[in-house]
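One file, data_10.txt, carrying compact mmCIF, C-alpha atoms:
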```txt
# COMPACT_ATOMS: atom_id res chain seq x y z
CA MET A 289 15.64 178.24 61.74
CA ALA A 290 14.43 181.09 63.94
CA GLU A 291 11.02 179.50 64.09
CA ASP A 292 12.28 176.08 65.11
CA PRO A 293 10.37 175.52 68.36
CA ILE A 294 13.13 173.25 69.70
CA HIS A 295 15.87 175.83 69.51
CA GLN A 296 14.87 177.57 72.72
CA PHE A 297 16.02 174.46 74.59
CA GLN A 298 19.48 174.45 73.02
CA ILE A 299 22.29 174.61 75.53
CA SER A 300 25.22 176.79 74.56
CA ARG A 301 28.56 177.06 76.32
CA LEU A 302 29.34 180.46 77.78
CA ILE A 303 32.53 179.52 79.62
CA PRO A 304 33.94 176.21 78.46
CA ILE A 305 35.21 174.05 81.31
CA GLU A 306 36.38 170.49 80.84
CA ILE A 307 37.42 168.19 83.68
CA GLY A 308 38.51 164.61 83.11
CA GLY A 309 37.06 164.47 79.63
CA LEU A 310 33.61 165.59 80.84
CA ASP A 311 32.08 168.85 79.77
CA PHE A 312 31.34 170.97 82.85
CA SER A 313 31.03 174.22 80.92
CA PHE A 314 29.20 177.18 82.36
CA THR A 315 26.26 177.28 79.94
CA ASN A 316 23.18 179.39 79.44
CA SER A 317 21.39 176.81 81.59
CA SER A 318 23.96 177.35 84.36
CA LEU A 319 23.51 181.09 83.98
CA PHE A 320 19.78 180.85 84.54
CA MET A 321 20.25 178.50 87.49
CA VAL A 322 22.51 181.13 89.02
CA ALA A 323 20.04 183.88 88.12
CA THR A 324 17.15 181.92 89.65
CA VAL A 325 19.02 181.21 92.85
CA VAL A 326 20.47 184.70 93.24
CA THR A 327 17.18 186.45 92.49
CA THR A 328 15.16 184.27 94.84
CA GLY A 329 17.76 184.30 97.60
CA ALA A 330 18.24 188.05 97.37
CA PHE A 331 14.51 188.68 97.35
CA LEU A 332 13.87 186.52 100.40
CA TYR A 333 16.89 187.96 102.18
CA LEU A 334 16.34 191.64 101.44
CA THR A 335 12.58 191.72 101.97
CA THR A 336 12.89 190.21 105.42
CA SER A 337 15.94 192.21 106.52
CA SER A 338 13.86 194.85 108.32
CA ARG A 339 12.09 192.09 110.30
CA GLY A 340 9.02 194.30 110.42
CA LEU A 341 6.39 193.40 112.99
CA VAL A 342 3.94 194.83 110.51
CA PRO A 343 5.23 193.45 107.20
CA SER A 344 5.78 195.54 104.11
CA ARG A 345 4.25 194.26 100.87
CA THR A 346 7.37 192.46 99.74
CA GLN A 347 8.00 191.07 103.20
CA SER A 348 4.52 189.60 103.25
CA VAL A 349 5.23 187.95 99.90
CA SER A 350 8.17 186.15 101.52
CA GLU A 351 6.11 185.32 104.59
CA MET A 352 3.21 184.06 102.50
CA SER A 353 5.45 181.75 100.49
CA TYR A 354 6.95 180.49 103.76
CA GLU A 355 3.56 179.79 105.30
CA PHE A 356 2.18 178.39 102.06
CA VAL A 357 4.88 175.71 101.90
CA ALA A 358 4.88 175.19 105.68
CA ASN A 359 1.13 174.52 105.72
CA MET A 360 1.44 172.23 102.71
CA LEU A 361 4.12 170.17 104.41
CA ARG A 362 2.41 170.15 107.81
CA ASP A 363 -0.88 169.02 106.30
CA ALA A 364 0.81 166.16 104.45
CA THR A 365 3.28 164.91 107.05
CA GLY A 366 2.32 166.39 110.40
CA PRO A 367 4.78 168.14 112.72
CA GLN A 368 7.47 165.41 112.39
CA GLY A 369 7.82 166.21 108.69
CA MET A 370 8.81 169.81 109.35
CA ARG A 371 12.49 168.80 109.36
CA PHE A 372 12.15 168.62 105.56
CA PHE A 373 10.82 172.14 105.36
CA PRO A 374 14.04 173.74 104.04
CA LEU A 375 14.22 171.12 101.28
CA VAL A 376 10.60 171.46 100.20
CA PHE A 377 10.75 175.23 100.38
CA SER A 378 13.98 175.34 98.33
CA LEU A 379 12.51 173.00 95.73
CA PHE A 380 9.28 174.95 95.47
CA MET A 381 10.96 178.33 95.18
CA PHE A 382 13.63 177.09 92.79
CA ILE A 383 11.15 175.44 90.43
CA LEU A 384 8.65 178.29 90.67
CA VAL A 385 11.19 181.00 89.90
CA ALA A 386 12.94 178.93 87.22
CA ASN A 387 9.55 178.35 85.54
CA MET A 388 8.65 182.03 85.78
CA PHE A 389 12.04 183.05 84.40
CA GLY A 390 11.32 180.74 81.50
CA MET A 391 8.23 182.79 80.68
CA VAL A 392 10.33 185.86 79.92
CA PRO A 393 11.02 186.02 76.18
CA TYR A 394 14.53 184.85 75.20
CA PHE A 395 15.16 183.47 78.68
CA PHE A 396 16.24 179.88 79.06
CA THR A 397 13.95 177.54 80.97
CA VAL A 398 16.07 175.51 83.36
CA THR A 399 13.23 173.11 84.19
CA SER A 400 12.64 172.22 80.52
CA HIS A 401 15.53 169.77 80.69
CA LEU A 402 14.75 166.29 81.90
CA ILE A 403 18.10 165.82 83.60
CA VAL A 404 17.47 168.85 85.86
CA THR A 405 13.98 167.79 86.91
CA PHE A 406 15.14 164.20 87.32
CA ALA A 407 18.00 165.32 89.56
CA LEU A 408 15.58 167.30 91.69
CA ALA A 409 13.26 164.30 91.91
CA MET A 410 16.19 162.09 92.89
CA VAL A 411 17.12 164.52 95.65
CA VAL A 412 13.61 163.95 97.02
CA MET A 413 13.73 160.19 96.63
CA LEU A 414 17.20 159.81 98.14
CA THR A 415 16.17 161.99 101.07
CA LEU A 416 13.07 159.86 101.48
CA VAL A 417 14.92 156.53 101.40
CA GLY A 418 17.88 157.79 103.45
CA TYR A 419 15.77 159.28 106.21
CA GLY A 420 13.31 156.39 106.16
CA LEU A 421 16.03 153.76 106.55
CA LYS A 422 17.90 155.75 109.16
CA THR A 423 14.92 156.37 111.46
CA HIS A 424 12.81 153.24 110.85
CA GLY A 425 15.42 150.68 109.76
CA ALA A 426 13.76 147.57 108.37
CA ARG A 427 10.33 148.88 109.34
CA PHE A 428 10.71 151.27 106.41
CA PHE A 429 9.95 148.37 104.07
CA LYS A 430 6.48 148.04 105.59
CA LEU A 431 5.80 150.85 103.15
CA PHE A 432 5.52 148.20 100.44
CA VAL A 433 3.14 145.97 102.38
CA PRO A 434 -0.13 147.78 103.04
CA HIS A 435 -2.22 146.84 106.07
CA GLY A 436 -4.92 144.22 105.75
CA VAL A 437 -3.66 142.50 102.63
CA PRO A 438 -4.28 138.71 102.66
CA GLY A 439 -1.06 136.69 102.90
CA VAL A 440 -1.43 135.16 99.46
CA LEU A 441 -1.56 138.56 97.80
CA VAL A 442 1.43 140.05 99.65
CA PRO A 443 4.05 139.24 96.98
CA LEU A 444 1.84 140.62 94.22
CA VAL A 445 0.86 143.77 96.12
CA ALA A 446 4.40 144.33 97.33
CA SER A 447 5.82 144.07 93.82
CA ILE A 448 3.22 146.53 92.55
CA GLU A 449 4.09 148.87 95.40
CA VAL A 450 7.80 148.59 94.63
CA ILE A 451 7.22 149.37 90.97
CA SER A 452 5.03 152.33 91.82
CA PHE A 453 7.67 153.52 94.29
CA LEU A 454 10.43 153.25 91.70
CA SER A 455 8.35 155.08 89.13
CA ARG A 456 7.85 158.04 91.46
CA PRO A 457 11.03 159.92 90.51
CA ILE A 458 10.25 159.32 86.85
CA SER A 459 6.68 160.58 87.07
CA LEU A 460 7.74 163.47 89.27
CA SER A 461 10.47 164.63 86.91
CA VAL A 462 8.73 163.87 83.61
CA ARG A 463 5.59 165.73 84.68
CA LEU A 464 7.48 168.96 85.29
CA PHE A 465 9.79 168.57 82.31
CA ALA A 466 7.04 167.67 79.87
CA ASN A 467 4.77 170.49 81.00
CA MET A 468 7.46 173.11 80.60
CA LEU A 469 8.67 171.68 77.32
CA ALA A 470 5.23 171.29 75.78
CA GLY A 471 4.08 174.70 76.92
CA HIS A 472 7.08 176.47 75.48
CA ILE A 473 6.88 174.55 72.19
CA THR A 474 3.17 175.36 71.86
CA LEU A 475 3.83 179.02 72.50
CA LYS A 476 6.65 179.11 70.01
CA VAL A 477 4.60 177.31 67.34
CA PHE A 478 1.62 179.63 67.68
CA ALA A 479 3.84 182.69 67.77
CA GLY A 480 5.56 181.30 64.68
CA PHE A 481 2.20 181.16 62.89
CA VAL A 482 1.72 184.84 63.60
CA THR A 483 5.01 185.86 61.99
CA THR A 484 4.63 183.47 59.05
CA LEU A 485 1.03 184.44 58.26
CA SER A 486 1.55 188.16 58.67
CA GLY A 487 4.38 187.87 56.15
CA LEU A 488 1.88 186.76 53.50
CA GLY A 489 0.26 190.14 52.86
CA ALA A 490 -3.08 191.62 53.92
CA PHE A 491 -4.99 188.37 53.92
CA GLY A 492 -2.30 186.76 56.01
CA VAL A 493 -2.42 189.57 58.57
CA ILE A 494 -6.13 188.90 59.10
CA GLY A 495 -5.40 185.20 59.36
CA ALA A 496 -2.68 185.94 61.93
CA VAL A 497 -5.19 187.40 64.39
CA LEU A 498 -6.42 184.02 65.60
CA PRO A 499 -2.98 182.56 66.42
CA LEU A 500 -2.06 185.89 68.02
CA LEU A 501 -5.06 185.69 70.33
CA LEU A 502 -4.22 182.06 71.06
CA THR A 503 -0.64 183.00 71.82
CA ILE A 504 -1.84 185.58 74.34
CA ALA A 505 -4.23 183.09 75.92
CA ILE A 506 -1.58 180.36 76.08
CA THR A 507 0.88 182.79 77.63
CA GLY A 508 -1.60 183.33 80.45
CA LEU A 509 -2.15 179.60 80.72
CA GLU A 510 1.60 178.99 80.85
CA PHE A 511 2.00 181.35 83.80
CA LEU A 512 -0.64 179.29 85.56
CA VAL A 513 1.10 176.06 84.58
CA SER A 514 4.43 177.44 85.81
CA PHE A 515 2.98 178.00 89.25
CA LEU A 516 0.89 174.85 89.22
CA GLN A 517 3.79 172.58 88.30
CA ALA A 518 5.95 174.01 91.07
CA TYR A 519 3.03 173.48 93.43
CA VAL A 520 2.39 169.94 92.21
CA PHE A 521 6.06 169.07 92.56
CA ALA A 522 6.10 170.42 96.12
CA VAL A 523 2.85 168.70 97.09
CA LEU A 524 3.98 165.34 95.73
CA THR A 525 7.31 165.81 97.50
CA CYS A 526 5.40 166.36 100.74
CA MET A 527 3.29 163.26 100.18
CA TYR A 528 6.31 161.11 99.36
CA LEU A 529 8.20 162.41 102.38
CA ASN A 530 5.20 161.45 104.48
CA ASP A 531 6.12 157.84 103.66
CA ALA A 532 9.53 158.39 105.19
CA VAL A 533 7.96 159.82 108.34
CA HIS A 534 5.09 157.32 108.64
CA PRO A 535 6.01 154.17 106.69
CA ASP A 536 3.35 152.04 108.42
CA HIS A 537 0.47 153.74 106.64
CA MET B 290 24.54 187.31 77.49
CA PHE B 291 20.96 186.52 78.51
CA VAL B 292 19.94 185.33 75.09
CA THR B 293 19.04 181.79 74.18
CA PRO B 294 20.69 180.22 71.16
CA GLY B 295 17.48 180.74 69.23
CA TYR B 296 17.85 184.44 69.65
CA ALA B 297 21.55 184.36 69.08
CA GLN B 298 20.90 182.78 65.75
CA GLU B 299 18.32 185.32 64.80
CA THR B 300 20.64 188.20 65.51
CA ALA B 301 23.98 186.76 64.56
CA PRO B 302 23.61 183.52 62.69
CA ALA B 303 26.80 181.53 62.73
CA GLU B 304 26.62 179.58 59.54
CA GLY B 305 28.91 176.74 60.45
CA GLU B 306 27.29 176.04 63.78
CA LEU B 307 23.85 176.23 62.25
CA GLN B 308 24.81 173.68 59.73
CA THR B 309 26.16 171.21 62.24
CA GLU B 310 23.07 171.54 64.35
CA ILE B 311 20.82 170.78 61.46
CA VAL B 312 22.86 167.73 60.79
CA HIS B 313 22.59 166.81 64.45
CA GLU B 314 18.86 167.11 64.37
CA GLU B 315 18.52 165.01 61.30
CA GLY B 316 20.84 162.58 62.95
CA GLY B 317 18.10 162.08 65.56
CA GLU B 318 19.44 161.29 69.03
CA ALA B 319 21.54 164.36 69.66
CA GLY B 320 19.05 166.68 67.97
CA PHE B 321 16.60 167.09 70.83
CA PRO B 322 18.46 169.18 73.41
CA PRO B 323 16.87 167.67 76.56
CA PHE B 324 18.07 164.23 75.45
CA ASP B 325 21.56 165.36 74.52
CA THR B 326 23.58 163.49 77.13
CA SER B 327 26.73 165.47 76.45
CA THR B 328 25.20 168.40 78.33
CA TYR B 329 24.24 166.34 81.39
CA PRO B 330 27.49 166.62 83.39
CA SER B 331 27.48 170.38 83.11
CA GLN B 332 23.79 170.67 84.02
CA LEU B 333 24.15 168.31 86.97
CA LEU B 334 27.26 170.05 88.27
CA TRP B 335 25.79 173.54 88.06
CA LEU B 336 22.47 172.40 89.45
CA ALA B 337 24.28 170.82 92.38
CA ILE B 338 26.30 174.00 92.98
CA THR B 339 23.45 176.48 92.61
CA PHE B 340 20.71 174.44 94.27
CA GLY B 341 23.08 173.31 97.00
CA LEU B 342 24.09 176.86 97.86
CA PHE B 343 20.47 177.97 97.57
CA TYR B 344 19.41 175.23 99.99
CA LEU B 345 22.14 176.08 102.48
CA PHE B 346 21.43 179.79 102.29
CA LEU B 347 17.70 179.28 102.86
CA GLN B 348 18.23 176.74 105.61
CA LYS B 349 20.84 178.74 107.52
CA VAL B 350 19.76 182.33 106.97
CA VAL B 351 16.40 182.99 105.36
CA LEU B 352 14.07 180.40 106.84
CA PRO B 353 15.16 180.87 110.49
CA ARG B 354 14.73 184.58 109.98
CA ILE B 355 11.21 184.36 108.52
CA GLY B 356 10.27 181.77 111.14
CA ASN B 357 11.51 184.14 113.82
CA ILE B 358 9.56 187.06 112.39
CA LEU B 359 6.36 185.00 112.35
CA GLU B 360 6.95 183.71 115.87
CA VAL B 361 7.62 187.17 117.27
CA ARG B 362 4.44 188.39 115.64
CA ARG B 363 2.41 185.48 116.99
CA ASP B 364 3.77 186.06 120.50
CA ARG B 365 3.12 189.75 120.24
CA ILE B 366 -0.48 189.21 119.12
CA ALA B 367 -1.08 186.66 121.88
CA HIS B 368 0.42 189.06 124.42
CA ASP B 369 -1.69 191.94 123.15
CA LEU B 370 -4.82 189.81 123.31
CA ASP B 371 -3.98 188.84 126.90
CA GLN B 372 -3.48 192.48 127.75
CA ALA B 373 -6.79 193.38 126.16
CA ALA B 374 -8.56 190.62 128.09
CA ARG B 375 -6.98 191.85 131.33
CA ASN B 376 -8.02 195.43 130.61
CA LYS B 377 -11.55 194.29 129.89
CA GLU B 378 -11.67 192.43 133.20
CA GLU B 379 -10.51 195.53 134.99
CA ALA B 380 -13.11 197.64 133.25
CA ASP B 381 -15.82 195.11 134.13
CA ALA B 382 -14.73 195.14 137.76
CA ALA B 383 -14.79 198.95 137.79
CA VAL B 384 -18.30 198.96 136.33
CA ALA B 385 -19.46 196.44 138.93
CA ALA B 386 -17.91 198.49 141.75
CA TYR B 387 -19.50 201.64 140.44
CA GLU B 388 -22.90 200.00 140.25
CA GLN B 389 -22.53 198.63 143.77
CA GLU B 390 -21.64 202.07 145.03
CA LEU B 391 -24.55 203.60 143.21
CA ALA B 392 -26.94 201.07 144.74
CA ASP B 393 -25.49 201.71 148.19
CA ALA B 394 -25.83 205.45 147.78
CA ARG B 395 -29.40 205.06 146.62
CA THR B 396 -30.26 202.94 149.64
CA LYS B 397 -28.59 205.41 151.95
CA ALA B 398 -30.39 208.37 150.39
CA HIS B 399 -33.66 206.53 150.80
CA ALA B 400 -32.94 205.86 154.46
CA ILE B 401 -32.02 209.49 155.07
CA ALA B 402 -35.16 210.72 153.39
CA GLN B 403 -37.24 208.26 155.40
CA ALA B 404 -35.61 209.37 158.66
CA ALA B 405 -36.15 213.03 157.85
CA GLN B 406 -39.76 212.35 157.02
CA ASP B 407 -40.28 210.42 160.23
CA ALA B 408 -38.63 213.16 162.29
CA ALA B 409 -40.75 215.84 160.65
CA LYS B 410 -43.86 213.81 161.26
CA ALA B 411 -42.93 213.28 164.92
CA ASP B 412 -42.23 216.99 165.34
CA ALA B 413 -45.55 217.94 163.85
CA GLU B 414 -47.30 215.42 166.06
CA ALA B 415 -45.61 216.74 169.18
CA GLU B 416 -46.43 220.31 168.22
CA ARG B 417 -50.03 219.38 167.64
CA LYS B 418 -50.21 217.56 170.96
CA SER B 419 -48.76 220.47 172.93
CA VAL B 420 -51.09 222.93 171.22
CA GLU B 421 -54.03 220.67 171.98
CA ALA B 422 -53.01 220.29 175.59
CA ASP B 423 -52.65 224.02 175.86
CA LEU B 424 -56.08 224.59 174.44
CA GLU B 425 -57.54 221.92 176.71
CA GLN B 426 -56.04 223.62 179.67
CA LYS B 427 -57.35 226.98 178.57
CA LEU B 428 -60.80 225.47 178.09
CA VAL B 429 -60.80 224.01 181.59
CA GLU B 430 -59.70 227.33 182.99
CA ALA B 431 -62.42 229.15 181.11
CA GLU B 432 -65.06 226.68 182.26
CA ARG B 433 -63.88 227.06 185.81
CA ARG B 434 -64.15 230.81 185.58
CA ILE B 435 -67.59 230.59 184.04
CA ALA B 436 -68.68 228.35 186.88
CA ILE B 437 -67.37 230.83 189.45
CA VAL B 438 -69.07 233.70 187.70
CA ARG B 439 -72.30 231.77 187.46
CA GLU B 440 -72.15 230.75 191.02
CA ALA B 441 -71.55 234.32 192.08
CA ALA B 442 -74.34 235.42 189.81
CA MET B 443 -76.68 232.82 191.24
CA LYS B 444 -75.77 233.91 194.74
CA ASP B 445 -76.49 237.50 193.79
CA VAL B 446 -79.84 236.42 192.33
CA GLY B 447 -80.86 235.16 195.80
CA THR B 448 -79.86 238.35 197.53
CA ILE B 449 -81.62 240.48 194.93
CA ALA B 450 -84.72 238.36 195.19
CA GLU B 451 -84.70 238.67 198.98
CA ASP B 452 -84.16 242.39 198.74
CA THR B 453 -86.88 242.78 196.15
CA ALA B 454 -89.23 240.50 198.04
CA GLY B 455 -88.55 242.43 201.29
CA ALA B 456 -89.17 245.67 199.51
CA ILE B 457 -92.39 244.40 197.92
CA VAL B 458 -93.64 242.96 201.23
CA GLU B 459 -92.77 246.22 203.05
CA ALA B 460 -94.65 248.15 200.45
CA LEU B 461 -97.64 245.91 200.75
CA ILE B 462 -97.91 245.49 204.50
CA ASP B 463 -95.92 248.52 205.41
CA ARG B 464 -93.91 246.63 207.83
CA LYS B 465 -90.46 245.35 207.60
CA PRO B 466 -90.66 241.56 207.22
CA ASP B 467 -88.41 239.15 208.89
CA ASP B 468 -85.29 238.63 206.79
CA ALA B 469 -85.08 234.95 207.67
CA ALA B 470 -88.59 234.30 206.57
CA ILE B 471 -88.00 236.03 203.24
CA ALA B 472 -84.81 234.06 202.67
CA ALA B 473 -86.66 230.84 203.43
CA ALA B 474 -89.44 231.79 201.07
CA VAL B 475 -87.08 232.75 198.30
CA SER B 476 -85.04 229.60 198.67
CA GLN B 477 -88.31 227.65 198.57
CA VAL B 478 -89.32 229.31 195.34
CA ARG B 479 -86.02 228.77 193.71
```
Show me, as structure tokens, the structure contained in the file I just sent.
Amino acid sequence: MAEDPIHQFQISRLIPIEIGGLDFSFTNSSLFMVATVVTTGAFLYLTTSSRGLVPSRTQSVSEMSYEFVANMLRDATGPQGMRFFPLVFSLFMFILVANMFGMVPYFFTVTSHLIVTFALAMVVMLTLVGYGLKTHGARFFKLFVPHGVPGVLVPLVASIEVISFLSRPISLSVRLFANMLAGHITLKVFAGFVTTLSGLGAFGVIGAVLPLLLTIAITGLEFLVSFLQAYVFAVLTCMYLNDAVHPDH
Amino acid sequence: MFVTPGYAQETAPAEGELQTEIVHEEGGEAGFPPFDTSTYPSQLLWLAITFGLFYLFLQKVVLPRIGNILEVRRDRIAHDLDQAARNKEEADAAVAAYEQELADARTKAHAIAQAAQDAAKADAEAERKSVEADLEQKLVEAERRIAIVREAAMKDVGTIAEDTAGAIVEALIDRKPDDAAIAAAVSQVR
């Protein structure tokens, strides 16, 4: 059972809470959400508390992440999109740190659950639709009718656009979820080979070298994926929010 | 507390729970934890609480603070650059003024040297002229004196000649000749 690669995603209740027949227990997932949020918040808060004109190393880490996300959002949406900066920055930092926490052995990976990534994607989509309708009203629906489409094709193109719009939260959430899930399963499987093979005597130990090397390589790759998926999520969020700011494009 | 169930089972396997989970997994639907809908309310609630607080904290406290730090730095750098540009302008102006002054001084020194040279030349010229005039005057004086002396000498020559002629004639004819006649003769000879 210890080598079951799915077990790392098991949710276990730490403090059972039940309200109205629904299970709202404080679980290991909740614990790592809290840990992610507290660690990130404390880091950003404490490193910038001296407000150094010449930043310390840790302060420049906070400043770099700020400017990294700010540039990303400004490039995608222009200055009008900067109102979404707190959202995009929170999403990026939350996903990044949750992914990185997941890389620590025995730690739970919050973003390996579809419902979490889907909820985050829905936050983006609801913000997009809400802001778009509020500021542009009916003009927001121009989003689904690209410029220069012949009149005959408008229904077809518009329906394709609507479908692609509706599939955005799914693709956004599944991409992150699947990457984290697959990466962790792969790691666990290869690491499992190492323990199984090395239990088979001298020959097995030699045979275990290859999966061990692969495990090390995949660990490095997974750190890259952890960052990359947070980045991709943030970039796509920026591009989607651009539709709310400029629906006529 | 930090451990995942996988670890919990490795360290302290709970037989009963293990068994039910295996059954769950074989049962299909509930076996794959991400698709176990019974955990969704809890995950959604705690995500909403933690991410919501995280968002508020960043929006209200952290991001304004970092934004402020960056802005202050940008202003400070811009201000320092302005200051540097101003200082450079001042330095350029000082260099220009210095060079102007140097050129002026050089011109002035040249003029002074020229004037001194001219004055010296004029002095020398005047000196030379006065010396020359002096010499000229002395020359004239000397010539005048020579003329006087010669004249006197010439006059004496006549007298001597008359005396000598008178003496010679007296010796020859033993008679004192007429002075007037001798003078006439001498002046005729001369």
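Minimum atom-to-atom distances from A:Thr324, A:Gly425, A:Thr399, A:Leu384 to Ser353 (chain A) were compared using all atoms listed in the file, and the lowest value belongs to A:Leu384.
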Note to self: Which residues are near Asp292 (chain A)? Cut-off 10 Å, all atoms listed in the file, ignore same chain within fewer than 4 positions. Put them as a PyMOL selection string.
What the structure shows: (chain A and resi 296+473+476-477+480) or (chain B and resi 295)
- request: Provide the CA of Ala466 (chain A) to CA of Asp325 (chain B) distance in Å, to one decimal place.
  value: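 That distance, rounded to one decimal, is 15.6 Å.
Atom pair CA of Glu449 (chain A) / CA of Phe432 (chain A): separated by 5.3 Å.
Of the residues under consideration (A:Leu302, A:Met413, A:Leu441, A:Val433), A:Leu302 shows the shortest atom-to-atom contact distance to chain B when counting all atoms listed in the file.
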Show me which bits of chain A are within 7 Å of chain B, counting all atoms listed in the file, as a PDB file with C-alpha atoms, in the frame of the given file.
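Saved the output as out.pdb:
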```pdb
ATOM      1  CA  ALA A 290      14.430 181.090  63.940  1.00  0.00           C
ATOM      2  CA  HIS A 295      15.870 175.830  69.510  1.00  0.00           C
ATOM      3  CA  GLN A 296      14.870 177.570  72.720  1.00  0.00           C
ATOM      4  CA  PHE A 297      16.020 174.460  74.590  1.00  0.00           C
ATOM      5  CA  GLN A 298      19.480 174.450  73.020  1.00  0.00           C
ATOM      6  CA  ILE A 299      22.290 174.610  75.530  1.00  0.00           C
ATOM      7  CA  SER A 300      25.220 176.790  74.560  1.00  0.00           C
ATOM      8  CA  LEU A 310      33.610 165.590  80.840  1.00  0.00           C
ATOM      9  CA  ASP A 311      32.080 168.850  79.770  1.00  0.00           C
ATOM     10  CA  PHE A 312      31.340 170.970  82.850  1.00  0.00           C
ATOM     11  CA  SER A 313      31.030 174.220  80.920  1.00  0.00           C
ATOM     12  CA  SER A 318      23.960 177.350  84.360  1.00  0.00           C
ATOM     13  CA  MET A 321      20.250 178.500  87.490  1.00  0.00           C
ATOM     14  CA  VAL A 322      22.510 181.130  89.020  1.00  0.00           C
ATOM     15  CA  VAL A 325      19.020 181.210  92.850  1.00  0.00           C
ATOM     16  CA  GLY A 329      17.760 184.300  97.600  1.00  0.00           C
ATOM     17  CA  LEU A 332      13.870 186.520 100.400  1.00  0.00           C
ATOM     18  CA  TYR A 333      16.890 187.960 102.180  1.00  0.00           C
ATOM     19  CA  THR A 336      12.890 190.210 105.420  1.00  0.00           C
ATOM     20  CA  ARG A 339      12.090 192.090 110.300  1.00  0.00           C
ATOM     21  CA  LEU A 341       6.390 193.400 112.990  1.00  0.00           C
ATOM     22  CA  GLU A 351       6.110 185.320 104.590  1.00  0.00           C
ATOM     23  CA  PRO A 374      14.040 173.740 104.040  1.00  0.00           C
ATOM     24  CA  LEU A 375      14.220 171.120 101.280  1.00  0.00           C
ATOM     25  CA  SER A 378      13.980 175.340  98.330  1.00  0.00           C
ATOM     26  CA  TYR A 394      14.530 184.850  75.200  1.00  0.00           C
ATOM     27  CA  PHE A 395      15.160 183.470  78.680  1.00  0.00           C
ATOM     28  CA  PHE A 396      16.240 179.880  79.060  1.00  0.00           C
ATOM     29  CA  HIS A 401      15.530 169.770  80.690  1.00  0.00           C
ATOM     30  CA  LEU A 402      14.750 166.290  81.900  1.00  0.00           C
ATOM     31  CA  ILE A 403      18.100 165.820  83.600  1.00  0.00           C
ATOM     32  CA  VAL A 404      17.470 168.850  85.860  1.00  0.00           C
TER      33      VAL A 404
END
```
